[in-house]
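Contents: one structure, followed by commentary.
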Amino acid sequence: MNILVVLRMIPDSAGELQLAEDGRSIDREWLDFQLNDFDDHALEEAILLKEAGGAKVTAVAVGEGANRVLQMAAARGADEVVALQSEEDAMISSREIAASIAAMARAKSADLVLCGVQSSEDVFGQLAPYVGALLDWPHVSGTNRIVANGAVLRVTQERGAGVAVTYELATPAVLGVQTASKAPRYVSGSKLREASKTPIGRATPESSGFERSAEIITLRLPVQGGSGENLGGNAETVADRLVSILAAKGLARN
Amino acid sequence: MASTLPLWILVITALALTAWRSRRYAMALANAPAAARFDRPMLRLQGVMVAIGMHRKMLRKPLSGVLHAIIFISFFVLFTATIDAFGSRLFPGFSLAPIGGETWIAALQDIFSALMLVGVGLALYQRYVLRPARFDGSSGSDAAIIYVLIVLIVASLLLEAAARIVGGSDGSWRPVASALAGLLDRAGMSAHAGEELFYWVHIGAILAFLVYIPGSKHRHMFLAAPNIYFRSLEPRGLAPAVPEAREAPGIDSLGQFDWKQQLDLLSCTECGRCQAVCPAYAAGLPLSPKLLITDMRDALAAGSSAAPLVGGVISEETLWACTTCRACMEACPVEIEHLPKIIDMRRHLVDEGRVSPGLQEALSNLIRLGNSMGKPSKMRARWTRELGFPVKDAREEPVDVLWFVGDYASYDPRVQEITRKVAELLTAAGVDFGILFDAERNSGNDVRRAGEEGLFETLAQSNIDEIKACSFNRIMTTDPHSLNALKNDYQHFGAAFEVLHYTALLAELIAAGKLDLHVADGARVTYHDPCYLGRYNGGFDAPRELIRAAGYTLHDMPRCRENSFCCGAGGGRIWQGDDGVTERPSENRIREALSLGDVAYFVVACPKDKVMYTAAIDALGVADRLKAVDIAELLVPRTSQALEMPPVETS
Ligand code: SF4
Ligand code: SF4
């Protein structure tokens with residue numbers, strides 16, 4: 001089985017987010033980027049499938065810091081790693097990259113495309129459905145367990161409140177992973193160092209081909225004020241302030 | 001003599017049995033990887049003299065030390081009797097008489113036989129009446145068998161001499177045996193039969209002892225001296241590098257340990273001194289440094305039938321429990337090296353990805369961002385914003401002191417205030433200093449000790465490159481952990497920086513009259529020696545000088561200086577959960593401080609300690625009686641408002 005797994009780099013939410021001048025995007029210049037957590041799980045699921053029944057895993061990463069993450073993917077067991085060029089300083093739009101992913105799936109004769117169910121820049125979770133549609137392959141999103149039996153996949157999907165459904169579908173397919181069957185493994189620094197020699201392939205983007213359906217007109221960062229109060233970072237003053245707020249609201253004795 | 005042949009047969013049989021019983025150990029040592037422990041023979045010998053000749057570490061526990069010294073000296077004196085006993089019948093005609101075997105040597109043997117019995121009596125009293133907790137888990141039967149054999153050997157020696165006296169020998173040099181001769185005489189035993197009987201009991205007991213030793217902790221009679229001789233002479237703060245010849249970074253079978261690490265296992269005396277000082281053991285975690293050693297020793301004896309080492313003989317929980325405080329190694333009288341073993345086995349776990357979720361998160365953050373908290377590098381120097389003055393960027397301009405701030409001091413909101421105090425003190429003293437801003441990375445000290453060698457190398461190399469690109473004279477660290485890494489571990493990369501802890505620099509500034517401080521009125525405080533400042537790097541005095549200079553009176557806790565008790569955060573423990581902990585080491589320590597009864601401040605000199613101990617004080621609900629303060633908080637320049645000392649309730 002050939003598995004293609006998509007790794008998207010997203011802004012590190014622990015950093016200080018600032019609006020770009022146009023007010024419609026985040027100023028990416030000073031940001032740190034990290035691997036989308038769901039994509040991390042997709043990678044782990046791909047590696048687990050490889051370990052369970054043998055597979056060739058190709059990881060394709062897009063965004064700033066892609067090389068570093070691809071080395072990590074190689075250290076974890078990806079057989080081939082490819083960096084997909086993307087527009088610099090722009091958010092990763094599923095609509096934009098879907099065509100490139102689909103083209104790559106064909107080029108690598110993939111039987112299975114895995115990606116995270118969503119990312120902070122694709123809260124709709126559109127990547128898997130877009131790619132599925134372009135390839136005309138079946139797609140399931142929100143998986144938390146994938147078992148392969150030859151060309152037949154059993155895919156479990158979480159529906160909240162402990163309800164889970166299991167689908168059976170035939171490859172080729174596209175799956176949006178919510179969590180891997182096991183938590184992503186740790187790769188040691190020495191394995192990372194070894195993997196830093198892995199050659200990283202390059203891929204140029206295909207044009208999207210989709211008509212633009214909607215557009216971001218404004219982006220807002222969380223603001224102080226309103227019902228929230230920023231208590232600051234000093235533990236002692238925070239504690240004092242908390243106690244006095246609780247006391248003022250009659251929830252605690254001062 | 002008629003008994004020569006039977007004695008030869010007995011001796012040869014006993015020697016053969018002893019060799020056979022030692023074969024596994026001998027083979028293991030012979031096949032073990034090499035270790036470079038043959039340099040500096042004079043220094044090595046000197047250490048043996050101090051450790052054994054003066055019983056330096058042994059005497060830290062006075063009763064044990066004294067009783068061991070008595071047994072030890074008596075053993076040497078009585079060895080002359082053993083030579084006599086075997087020599088005289090193996091080689092007819094051999095006798096010590098010409099050099100005093102029947103006069104002064106006889107007198108010494110006589111007196112030391114009695115002393116040996118006193119020593120054994122004290123040992124019995126200690127083991128069976130006092131029963132110190134450090135013996136928990138040691139083999140009781142092994143100790144008992146040895147006591148019985150020693151008593152047999154000594155008693156038979158005395159009785160044999162007594163029988164000879166009954167038979168008409170001169171007893172004037174043997175007061176104890178003469179007294180016994182009176183008893184024998186009254187019992188009506190024939191002198192010759194008695195002499196023969198006790199002789200063979202004596203010989204039998206000695207040979208039984210010999211044959212017994214290879215399977216007993218009493219191997220230390222032969223192995224303690226070599227084990228101390230071949231001790232590590234590296235700086236204490238230097239974790240052992242991964243040998244080039246080793247394929248993977250870690251170790252997962254006993255045979256991969258070099259011969260010195262294996263010799264350690266065979267030398268353990270089961271004295272439990274390490275266990276008694278171990279914070280992980282005290283916290284109820286499944287780690288006793290003694291059992292760590294003896295479990296591996298037993299596995300070595302079991303050979304190929306033993307369970308797998310990592311996760312079998314030594315459980316993962318045991319390995320992760322260690323704070324790398326080094327108290328065990330400091331306490332061990334035979335210089336056993338627990339930590340290199342723990343670190344090597346952790347290296348194996350890390351390489352296999354077998355880490356707890358907490359540790360995985362911290363290490364992943366460190367890989368990604370260079371700090372364990374998952375904060376962006378750009379925020380590393382944020383604490384400087386609230387200073388009333390700019391801090392120099394050491395990457396841009398030359399500085400006298402390059403300040404390596406460290407993760408906790410940089411990012412933790414509870415510590416940043418202290419970091420600013422240090423900056424203010426340096427400025428008040430006119431020190432020309434700068435920092436690395438977002439180029440600084442975690443020093444890797446605890447990363448290394450958590451077994452993540454590859455990540456340590458990445459972090460260290462990045463810091464070394466940044467530091468080398470700066471122009472400075474000395475490095476100062478806030479964190480004792482960074483101090484240790486920069487000063488010791490970075491030597492692996494050929495980096496030799498002059499590194500000092502902020503307490504040392506501040507003490508120097510005060511001594512030079514560059515800091516004019518408010519002087520308190522002698523109020524009593526206690527001080528916690530951080531493991532990586534004190535035990536690892538000998539920084540015991542500077543913090544004490546600072547406390548004195550600020551006008552406080554230091555009331556040390558019982559466990560201070562080399563014997564300081566770890567806060568529980570080191571070696572990556574701070575990134576692990578508290579599962580299985582019955583009493584946090586930090587709370588144990590706060591109780592110790594409270595028991596002093598007259599201190600209001602618990603003074604610390606490590607950013608992690610401020611966090612750990614403030615939490616411990618809150619958890620114990622004693623915030624009204626004790627406050628954890630960083631030493632920098634006690635030092636208030638005269639230009640600022642003096643510190644107000646909280647009132648102390650003495651108990
Ligand atoms: S280093 Fe400290 S925590 Fe680790 S085994 Fe030794 S005494 Fe215990
Ligand atoms: S390791 Fe050292 S301190 Fe611990 S029991 Fe053995 S001999 Fe004693």
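Ordered as shown in the structure tokens, chains take letters A, B, and onward, while each chain numbers its residues from 1 and ligands are numbered from 1 in the order shown.
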All residues within 9 Å of ligand 1 are required, counting only C-alpha atoms and all ligand atoms; please report them as an MDAnalysis selection string. chainID B and resid 274:282 287:290 292 318:319 321:331 338:339 342 565:566 568 570:571
Applying 9 Å and only C-alpha atoms, which residues near Arg185 in chain A remain after dropping the ones on its own chain fewer than 6 positions away? List them as a list in words. Glu44 and Arg76 of chain A; Gly353, Arg354, Val355 and Gln360 of chain B
Quick one: which chain B residues come within 7 Å of chain A, and what is the nearest atom pair for each with the distance in Å to one decimal, counting only C-alpha atoms, rows ordered by chain and ascending number, as JSON lines?
{"residue": "B:Val350", "atom": "CA", "partner": "A:Ser188", "partner_atom": "CA", "distance": 6.1}
{"residue": "B:Asp351", "atom": "CA", "partner": "A:Ser188", "partner_atom": "CA", "distance": 5.3}
{"residue": "B:Gly353", "atom": "CA", "partner": "A:Tyr186", "partner_atom": "CA", "distance": 4.8}
{"residue": "B:Gln360", "atom": "CA", "partner": "A:Tyr186", "partner_atom": "CA", "distance": 6.2}
{"residue": "B:Lys375", "atom": "CA", "partner": "A:Ala14", "partner_atom": "CA", "distance": 6.1}
{"residue": "B:Pro376", "atom": "CA", "partner": "A:Gly15", "partner_atom": "CA", "distance": 5.6}
{"residue": "B:Pro413", "atom": "CA", "partner": "A:Asn234", "partner_atom": "CA", "distance": 5.6}
{"residue": "B:Arg414", "atom": "CA", "partner": "A:Ala235", "partner_atom": "CA", "distance": 6.1}
{"residue": "B:Glu452", "atom": "CA", "partner": "A:Gly189", "partner_atom": "CA", "distance": 6.6}
{"residue": "B:Glu453", "atom": "CA", "partner": "A:Gly189", "partner_atom": "CA", "distance": 6.9}
{"residue": "B:Gly454", "atom": "CA", "partner": "A:Gly189", "partner_atom": "CA", "distance": 3.9}
{"residue": "B:Leu455", "atom": "CA", "partner": "A:Gly189", "partner_atom": "CA", "distance": 4.2}
Can you write out the residues you just picked, keeping all heavy atoms, as a PDB file, in the first residue's frame?
ATOM      1  N   VAL B 350      14.798   6.463  25.821  1.00  0.00           N
ATOM      2  CA  VAL B 350      14.520   7.623  24.972  1.00  0.00           C
ATOM      3  C   VAL B 350      14.710   7.249  23.510  1.00  0.00           C
ATOM      4  O   VAL B 350      13.900   7.589  22.650  1.00  0.00           O
ATOM      5  CB  VAL B 350      15.440   8.805  25.354  1.00  0.00           C
ATOM      6  CG1 VAL B 350      15.372   9.906  24.315  1.00  0.00           C
ATOM      7  CG2 VAL B 350      15.051   9.342  26.726  1.00  0.00           C
ATOM      8  N   ASP B 351      15.746   6.504  23.234  1.00  0.00           N
ATOM      9  CA  ASP B 351      16.012   6.141  21.852  1.00  0.00           C
ATOM     10  C   ASP B 351      14.873   5.298  21.281  1.00  0.00           C
ATOM     11  O   ASP B 351      14.578   5.352  20.095  1.00  0.00           O
ATOM     12  CB  ASP B 351      17.334   5.379  21.751  1.00  0.00           C
ATOM     13  CG  ASP B 351      17.889   5.440  20.340  1.00  0.00           C
ATOM     14  OD1 ASP B 351      17.929   6.559  19.782  1.00  0.00           O
ATOM     15  OD2 ASP B 351      18.254   4.393  19.789  1.00  0.00           O
ATOM     16  N   GLY B 353      11.864   5.732  22.184  1.00  0.00           N
ATOM     17  CA  GLY B 353      10.636   6.525  22.278  1.00  0.00           C
ATOM     18  C   GLY B 353       9.778   6.164  23.464  1.00  0.00           C
ATOM     19  O   GLY B 353       8.604   6.512  23.513  1.00  0.00           O
ATOM     20  N   GLN B 360       7.621  13.660  27.076  1.00  0.00           N
ATOM     21  CA  GLN B 360       7.541  13.799  25.627  1.00  0.00           C
ATOM     22  C   GLN B 360       7.201  15.230  25.238  1.00  0.00           C
ATOM     23  O   GLN B 360       7.792  15.804  24.320  1.00  0.00           O
ATOM     24  CB  GLN B 360       6.480  12.841  25.069  1.00  0.00           C
ATOM     25  CG  GLN B 360       6.285  13.018  23.564  1.00  0.00           C
ATOM     26  CD  GLN B 360       5.584  11.835  22.925  1.00  0.00           C
ATOM     27  OE1 GLN B 360       5.296  10.842  23.585  1.00  0.00           O
ATOM     28  NE2 GLN B 360       5.331  11.921  21.632  1.00  0.00           N
ATOM     29  N   LYS B 375       7.246  27.903  24.890  1.00  0.00           N
ATOM     30  CA  LYS B 375       7.081  29.332  24.606  1.00  0.00           C
ATOM     31  C   LYS B 375       7.987  29.725  23.434  1.00  0.00           C
ATOM     32  O   LYS B 375       9.068  29.170  23.264  1.00  0.00           O
ATOM     33  CB  LYS B 375       7.485  30.153  25.839  1.00  0.00           C
ATOM     34  CG  LYS B 375       6.681  29.801  27.092  1.00  0.00           C
ATOM     35  CD  LYS B 375       5.871  30.981  27.555  1.00  0.00           C
ATOM     36  CE  LYS B 375       4.937  30.634  28.682  1.00  0.00           C
ATOM     37  NZ  LYS B 375       5.483  30.911  29.991  1.00  0.00           N
ATOM     38  N   PRO B 376       7.565  30.707  22.652  1.00  0.00           N
ATOM     39  CA  PRO B 376       8.399  31.126  21.521  1.00  0.00           C
ATOM     40  C   PRO B 376       9.721  31.734  21.996  1.00  0.00           C
ATOM     41  O   PRO B 376       9.763  32.392  23.038  1.00  0.00           O
ATOM     42  CB  PRO B 376       7.556  32.198  20.828  1.00  0.00           C
ATOM     43  CG  PRO B 376       6.185  32.074  21.388  1.00  0.00           C
ATOM     44  CD  PRO B 376       6.308  31.448  22.733  1.00  0.00           C
ATOM     45  N   PRO B 413       6.800  33.237  35.115  1.00  0.00           N
ATOM     46  CA  PRO B 413       6.395  34.521  35.717  1.00  0.00           C
ATOM     47  C   PRO B 413       6.726  34.596  37.204  1.00  0.00           C
ATOM     48  O   PRO B 413       6.928  35.682  37.736  1.00  0.00           O
ATOM     49  CB  PRO B 413       4.883  34.568  35.481  1.00  0.00           C
ATOM     50  CG  PRO B 413       4.468  33.249  34.976  1.00  0.00           C
ATOM     51  CD  PRO B 413       5.680  32.533  34.478  1.00  0.00           C
ATOM     52  N   ARG B 414       6.788  33.438  37.878  1.00  0.00           N
ATOM     53  CA  ARG B 414       7.083  33.459  39.313  1.00  0.00           C
ATOM     54  C   ARG B 414       8.557  33.746  39.571  1.00  0.00           C
ATOM     55  O   ARG B 414       8.954  34.059  40.677  1.00  0.00           O
ATOM     56  CB  ARG B 414       6.726  32.112  39.937  1.00  0.00           C
ATOM     57  CG  ARG B 414       5.239  31.824  39.887  1.00  0.00           C
ATOM     58  CD  ARG B 414       4.950  30.360  40.114  1.00  0.00           C
ATOM     59  NE  ARG B 414       5.382  29.534  38.985  1.00  0.00           N
ATOM     60  CZ  ARG B 414       5.140  28.231  38.881  1.00  0.00           C
ATOM     61  NH1 ARG B 414       4.506  27.614  39.847  1.00  0.00           N
ATOM     62  NH2 ARG B 414       5.550  27.547  37.833  1.00  0.00           N
ATOM     63  N   GLU B 452      18.408  12.069  26.882  1.00  0.00           N
ATOM     64  CA  GLU B 452      18.213  12.537  25.505  1.00  0.00           C
ATOM     65  C   GLU B 452      19.526  13.116  24.977  1.00  0.00           C
ATOM     66  O   GLU B 452      19.686  14.330  24.861  1.00  0.00           O
ATOM     67  CB  GLU B 452      17.102  13.571  25.480  1.00  0.00           C
ATOM     68  CG  GLU B 452      16.116  13.555  24.345  1.00  0.00           C
ATOM     69  CD  GLU B 452      16.553  13.183  22.956  1.00  0.00           C
ATOM     70  OE1 GLU B 452      17.744  12.939  22.697  1.00  0.00           O
ATOM     71  OE2 GLU B 452      15.671  13.145  22.088  1.00  0.00           O
ATOM     72  N   GLU B 453      20.473  12.253  24.681  1.00  0.00           N
ATOM     73  CA  GLU B 453      21.807  12.688  24.295  1.00  0.00           C
ATOM     74  C   GLU B 453      21.801  13.474  22.973  1.00  0.00           C
ATOM     75  O   GLU B 453      22.487  14.471  22.843  1.00  0.00           O
ATOM     76  CB  GLU B 453      22.731  11.473  24.202  1.00  0.00           C
ATOM     77  CG  GLU B 453      24.197  11.787  24.030  1.00  0.00           C
ATOM     78  CD  GLU B 453      24.857  12.381  25.275  1.00  0.00           C
ATOM     79  OE1 GLU B 453      24.214  12.454  26.345  1.00  0.00           O
ATOM     80  OE2 GLU B 453      26.028  12.792  25.162  1.00  0.00           O
ATOM     81  N   GLY B 454      21.026  13.006  22.007  1.00  0.00           N
ATOM     82  CA  GLY B 454      21.004  13.677  20.702  1.00  0.00           C
ATOM     83  C   GLY B 454      20.493  15.099  20.815  1.00  0.00           C
ATOM     84  O   GLY B 454      21.077  16.038  20.259  1.00  0.00           O
ATOM     85  N   LEU B 455      19.417  15.279  21.556  1.00  0.00           N
ATOM     86  CA  LEU B 455      18.858  16.613  21.740  1.00  0.00           C
ATOM     87  C   LEU B 455      19.825  17.483  22.548  1.00  0.00           C
ATOM     88  O   LEU B 455      20.013  18.661  22.253  1.00  0.00           O
ATOM     89  CB  LEU B 455      17.502  16.518  22.444  1.00  0.00           C
ATOM     90  CG  LEU B 455      16.811  17.830  22.810  1.00  0.00           C
ATOM     91  CD1 LEU B 455      16.646  18.725  21.590  1.00  0.00           C
ATOM     92  CD2 LEU B 455      15.454  17.557  23.448  1.00  0.00           C
TER      93      LEU B 455
END
All residues having an atom within 6 Å of ligand 2 (only C-alpha atoms and all ligand atoms) as a list of chain:residue names: B:Cys268, B:Thr269, B:Glu270, B:Cys271, B:Gly272, B:Arg273, B:Cys274, B:Lys290, B:Ala331, B:Cys332, B:Pro333, B:Val334, B:Ile336
Extract, using only C-alpha atoms, all DNA, RNA and protein residues at most 12 Å from Glu335 in chain B, discarding same-chain residues fewer than 4 positions from it, and format them as an MDAnalysis selection string. chainID B and resid 44 47:48 51:52 56:58 220 223:233 260:261 263:265 267:269 273:274 326:331 339
File of the preceding selection, N, CA and C atoms, as a tab-separated table (two decimals), in the first residue's frame:
chain	number	residue	atom	x	y	z
B	44	ARG	N	44.83	8.13	42.37
B	44	ARG	CA	43.91	7.02	42.62
B	44	ARG	C	44.25	6.35	43.95
B	47	GLY	N	43.29	8.30	46.97
B	47	GLY	CA	41.86	8.18	47.27
B	47	GLY	C	41.56	6.91	48.03
B	48	VAL	N	42.24	5.84	47.67
B	48	VAL	CA	42.02	4.56	48.35
B	48	VAL	C	42.46	4.69	49.80
B	51	ALA	N	39.88	6.74	51.67
B	51	ALA	CA	38.59	6.06	51.81
B	51	ALA	C	38.69	4.88	52.75
B	52	ILE	N	39.77	4.12	52.63
B	52	ILE	CA	39.86	2.90	53.44
B	52	ILE	C	40.68	3.17	54.70
B	56	ARG	N	36.89	7.54	55.59
B	56	ARG	CA	36.30	8.88	55.54
B	56	ARG	C	34.76	8.86	55.47
B	57	LYS	N	34.23	8.18	54.46
B	57	LYS	CA	32.77	8.20	54.34
B	57	LYS	C	32.12	7.29	55.38
B	58	MET	N	32.84	6.21	55.75
B	58	MET	CA	32.27	5.27	56.72
B	58	MET	C	31.95	5.97	58.04
B	220	HIS	N	33.12	-7.43	48.97
B	220	HIS	CA	33.71	-6.09	49.07
B	220	HIS	C	35.05	-6.11	49.79
B	223	LEU	N	36.98	-6.37	46.75
B	223	LEU	CA	36.70	-5.48	45.61
B	223	LEU	C	36.57	-4.01	45.98
B	224	ALA	N	36.38	-3.71	47.27
B	224	ALA	CA	36.21	-2.31	47.63
B	224	ALA	C	37.43	-1.49	47.22
B	225	ALA	N	38.60	-1.99	47.56
B	225	ALA	CA	39.81	-1.21	47.25
B	225	ALA	C	39.96	-0.99	45.74
B	226	PRO	N	39.91	-2.05	44.92
B	226	PRO	CA	40.00	-1.78	43.48
B	226	PRO	C	38.87	-0.88	42.97
B	227	ASN	N	37.69	-1.05	43.50
B	227	ASN	CA	36.58	-0.23	42.99
B	227	ASN	C	36.81	1.24	43.31
B	228	ILE	N	37.39	1.50	44.46
B	228	ILE	CA	37.68	2.89	44.81
B	228	ILE	C	38.86	3.39	43.97
B	229	TYR	N	39.83	2.51	43.79
B	229	TYR	CA	40.99	2.90	42.98
B	229	TYR	C	40.56	3.31	41.57
B	230	PHE	N	39.68	2.53	40.99
B	230	PHE	CA	39.27	2.80	39.60
B	230	PHE	C	38.09	3.75	39.51
B	231	ARG	N	37.86	4.53	40.57
B	231	ARG	CA	36.72	5.46	40.57
B	231	ARG	C	36.88	6.50	39.45
B	232	SER	N	35.78	7.19	39.19
B	232	SER	CA	35.84	8.21	38.15
B	232	SER	C	36.59	9.43	38.67
B	233	LEU	N	37.51	9.92	37.88
B	233	LEU	CA	38.24	11.14	38.27
B	233	LEU	C	37.78	12.34	37.43
B	260	LYS	N	34.18	-1.30	34.55
B	260	LYS	CA	34.10	-0.60	35.84
B	260	LYS	C	32.65	-0.54	36.32
B	261	GLN	N	31.74	-0.31	35.38
B	261	GLN	CA	30.33	-0.28	35.77
B	261	GLN	C	29.90	-1.64	36.30
B	263	LEU	N	32.04	-3.87	37.68
B	263	LEU	CA	32.76	-4.07	38.95
B	263	LEU	C	31.98	-3.41	40.10
B	264	ASP	N	31.40	-2.24	39.80
B	264	ASP	CA	30.54	-1.56	40.78
B	264	ASP	C	29.51	-2.52	41.36
B	265	LEU	N	28.87	-3.26	40.46
B	265	LEU	CA	27.78	-4.14	40.90
B	265	LEU	C	28.30	-5.16	41.90
B	267	SER	N	30.81	-4.84	43.88
B	267	SER	CA	31.46	-4.28	45.06
B	267	SER	C	30.48	-3.80	46.11
B	268	CYS	N	29.20	-3.77	45.78
B	268	CYS	CA	28.22	-3.19	46.71
B	268	CYS	C	28.20	-3.95	48.02
B	269	THR	N	28.22	-3.21	49.12
B	269	THR	CA	28.24	-3.81	50.45
B	269	THR	C	26.84	-3.92	51.04
B	273	ARG	N	23.55	3.12	52.53
B	273	ARG	CA	23.74	4.55	52.75
B	273	ARG	C	23.15	5.36	51.61
B	274	CYS	N	23.23	4.80	50.41
B	274	CYS	CA	22.66	5.49	49.25
B	274	CYS	C	21.15	5.58	49.37
B	326	ARG	N	22.60	13.00	42.86
B	326	ARG	CA	23.96	12.56	43.14
B	326	ARG	C	24.21	12.27	44.63
B	327	ALA	N	23.18	12.30	45.43
B	327	ALA	CA	23.39	12.06	46.86
B	327	ALA	C	23.88	10.63	47.08
B	328	CYS	N	23.38	9.69	46.29
B	328	CYS	CA	23.76	8.29	46.46
B	328	CYS	C	25.27	8.12	46.25
B	329	MET	N	25.77	8.73	45.18
B	329	MET	CA	27.19	8.56	44.87
B	329	MET	C	28.06	9.23	45.91
B	330	GLU	N	27.54	10.34	46.43
B	330	GLU	CA	28.28	11.05	47.46
B	330	GLU	C	28.36	10.19	48.72
B	331	ALA	N	27.31	9.44	48.98
B	331	ALA	CA	27.25	8.66	50.23
B	331	ALA	C	27.98	7.33	50.12
B	339	LEU	N	24.63	6.90	38.89
B	339	LEU	CA	24.05	7.76	37.86
B	339	LEU	C	24.43	7.40	36.42
Strand (DSSP E) per DSSP on the backbone: members of range 2-116 of chain A, as a ChimeraX atom specification: /A:2-11,33-35,56-62,80-84,112-116
Extract, using only C-alpha atoms, all DNA, RNA and protein residues at most 8 Å from Leu112 in chain A, discarding same-chain residues fewer than 4 positions from it, and format them as number ranges by chain. A: 1-4, 171-175
DSSP-assigned helix (DSSP H, G or I) members of range 366-506 of chain B, reported as a CSV table (one decimal) with C-alpha atoms, in the first residue's frame:
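In the end it all went to result.csv:
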chain,number,residue,atom,x,y,z
B,366,LEU,CA,12.8,21.7,23.4
B,367,ILE,CA,13.3,20.2,20.0
B,368,ARG,CA,11.0,22.7,18.4
B,369,LEU,CA,11.6,25.9,20.4
B,377,SER,CA,12.1,32.1,21.6
B,378,LYS,CA,11.1,35.6,20.9
B,379,MET,CA,9.5,35.8,24.3
B,382,ARG,CA,10.5,39.6,27.6
B,383,TRP,CA,11.4,39.9,31.3
B,384,THR,CA,13.7,42.7,30.4
B,385,ARG,CA,10.8,44.9,29.3
B,386,GLU,CA,9.8,45.8,32.8
B,407,ASP,CA,14.5,28.8,30.9
B,408,TYR,CA,12.9,29.2,34.3
B,409,ALA,CA,14.5,32.5,35.0
B,410,SER,CA,13.5,33.8,31.6
B,411,TYR,CA,10.0,32.5,31.2
B,413,PRO,CA,6.4,34.5,35.7
B,414,ARG,CA,7.1,33.5,39.3
B,415,VAL,CA,10.8,33.8,38.8
B,416,GLN,CA,11.1,36.7,36.3
B,417,GLU,CA,10.9,39.1,39.2
B,418,ILE,CA,14.0,37.6,40.7
B,419,THR,CA,15.7,37.7,37.4
B,420,ARG,CA,15.1,41.4,37.3
B,421,LYS,CA,16.4,41.7,40.8
B,422,VAL,CA,19.7,40.1,39.7
B,423,ALA,CA,19.8,42.5,36.7
B,424,GLU,CA,19.3,45.4,39.1
B,425,LEU,CA,22.0,44.1,41.5
B,426,LEU,CA,24.5,43.7,38.6
B,427,THR,CA,23.7,47.2,37.4
B,428,ALA,CA,24.0,48.7,40.9
B,437,PHE,CA,18.1,37.2,23.9
B,438,ASP,CA,16.2,34.8,21.6
B,439,ALA,CA,19.4,33.0,20.7
B,445,ASN,CA,21.7,19.8,31.5
B,446,ASP,CA,18.6,17.9,32.4
B,447,VAL,CA,17.9,16.9,28.8
B,448,ARG,CA,21.1,15.0,29.0
B,449,ARG,CA,20.4,13.4,32.3
B,453,GLU,CA,21.8,12.7,24.3
B,454,GLY,CA,21.0,13.7,20.7
B,455,LEU,CA,18.9,16.6,21.7
B,456,PHE,CA,21.5,17.6,24.3
B,457,GLU,CA,24.1,17.8,21.5
B,458,THR,CA,21.8,19.9,19.4
B,459,LEU,CA,21.1,22.3,22.2
B,460,ALA,CA,24.7,22.5,23.4
B,461,GLN,CA,26.0,23.0,19.9
B,462,SER,CA,23.6,25.8,19.3
B,463,ASN,CA,24.5,27.5,22.6
B,464,ILE,CA,28.2,27.0,22.0
B,465,ASP,CA,28.0,28.6,18.5
B,466,GLU,CA,26.1,31.6,19.9
B,467,ILE,CA,28.4,32.0,22.8
B,468,LYS,CA,31.6,31.7,20.8
B,480,PRO,CA,22.8,25.9,38.7
B,481,HIS,CA,21.7,23.4,36.1
B,482,SER,CA,22.9,25.7,33.3
B,483,LEU,CA,26.0,26.3,35.3
B,484,ASN,CA,26.8,22.6,35.3
B,485,ALA,CA,26.1,22.1,31.6
B,486,LEU,CA,28.1,25.1,30.5
B,487,LYS,CA,31.0,24.4,32.8
B,489,ASP,CA,29.1,19.0,29.9
B,490,TYR,CA,30.1,21.4,27.2
B,491,GLN,CA,33.7,20.2,27.6
B,492,HIS,CA,32.6,17.3,25.4
B,493,PHE,CA,32.6,19.8,22.6
B,502,TYR,CA,25.3,34.4,40.1
B,503,THR,CA,25.9,33.8,43.8
B,504,ALA,CA,29.7,33.6,43.2
B,505,LEU,CA,29.7,36.7,41.1
B,506,LEU,CA,27.7,38.7,43.7
One number please: CA of Phe540 in chain B to CA of Pro235 in chain B, in Å, one decimal.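 Value for the CA of Phe540 in chain B-CA of Pro235 in chain B distance: 16.4 Å.
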Contacts of Ile105 in chain B within 9 Å, only C-alpha atoms, excl. fewer than 5 positions in-chain, as number ranges by chain: B: 77, 80-81, 96-97, 99-100, 110, 173
Restricting the calculation to only C-alpha atoms: of A:Val123, A:Val57, A:Val5, A:Ala46, which residue gets closest to Ala102 in chain A?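 Closest to Ala102 in chain A, using only C-alpha atoms: A:Val5.
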Spatial neighbours of Leu43 in chain A, 12 Å, only C-alpha atoms, chain gap at least 3 places, as a PyMOL selection string: chain A and resi 3-8+35-40+46-50+57-61+69-70+72-79+81+113-116+175-185
Between A:Ala151, A:Ala214, A:Ala99, A:Leu169, which one has atoms that come closest to Leu127 in chain A, using only C-alpha atoms?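 When distances to Leu127 in chain A are compared using only C-alpha atoms, the smallest one comes from A:Ala99.
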Ser208 in chain A: which residues within 9 Å, counting only C-alpha atoms, same-chain residues fewer than 2 positions away excluded, as a count of residues only? 10
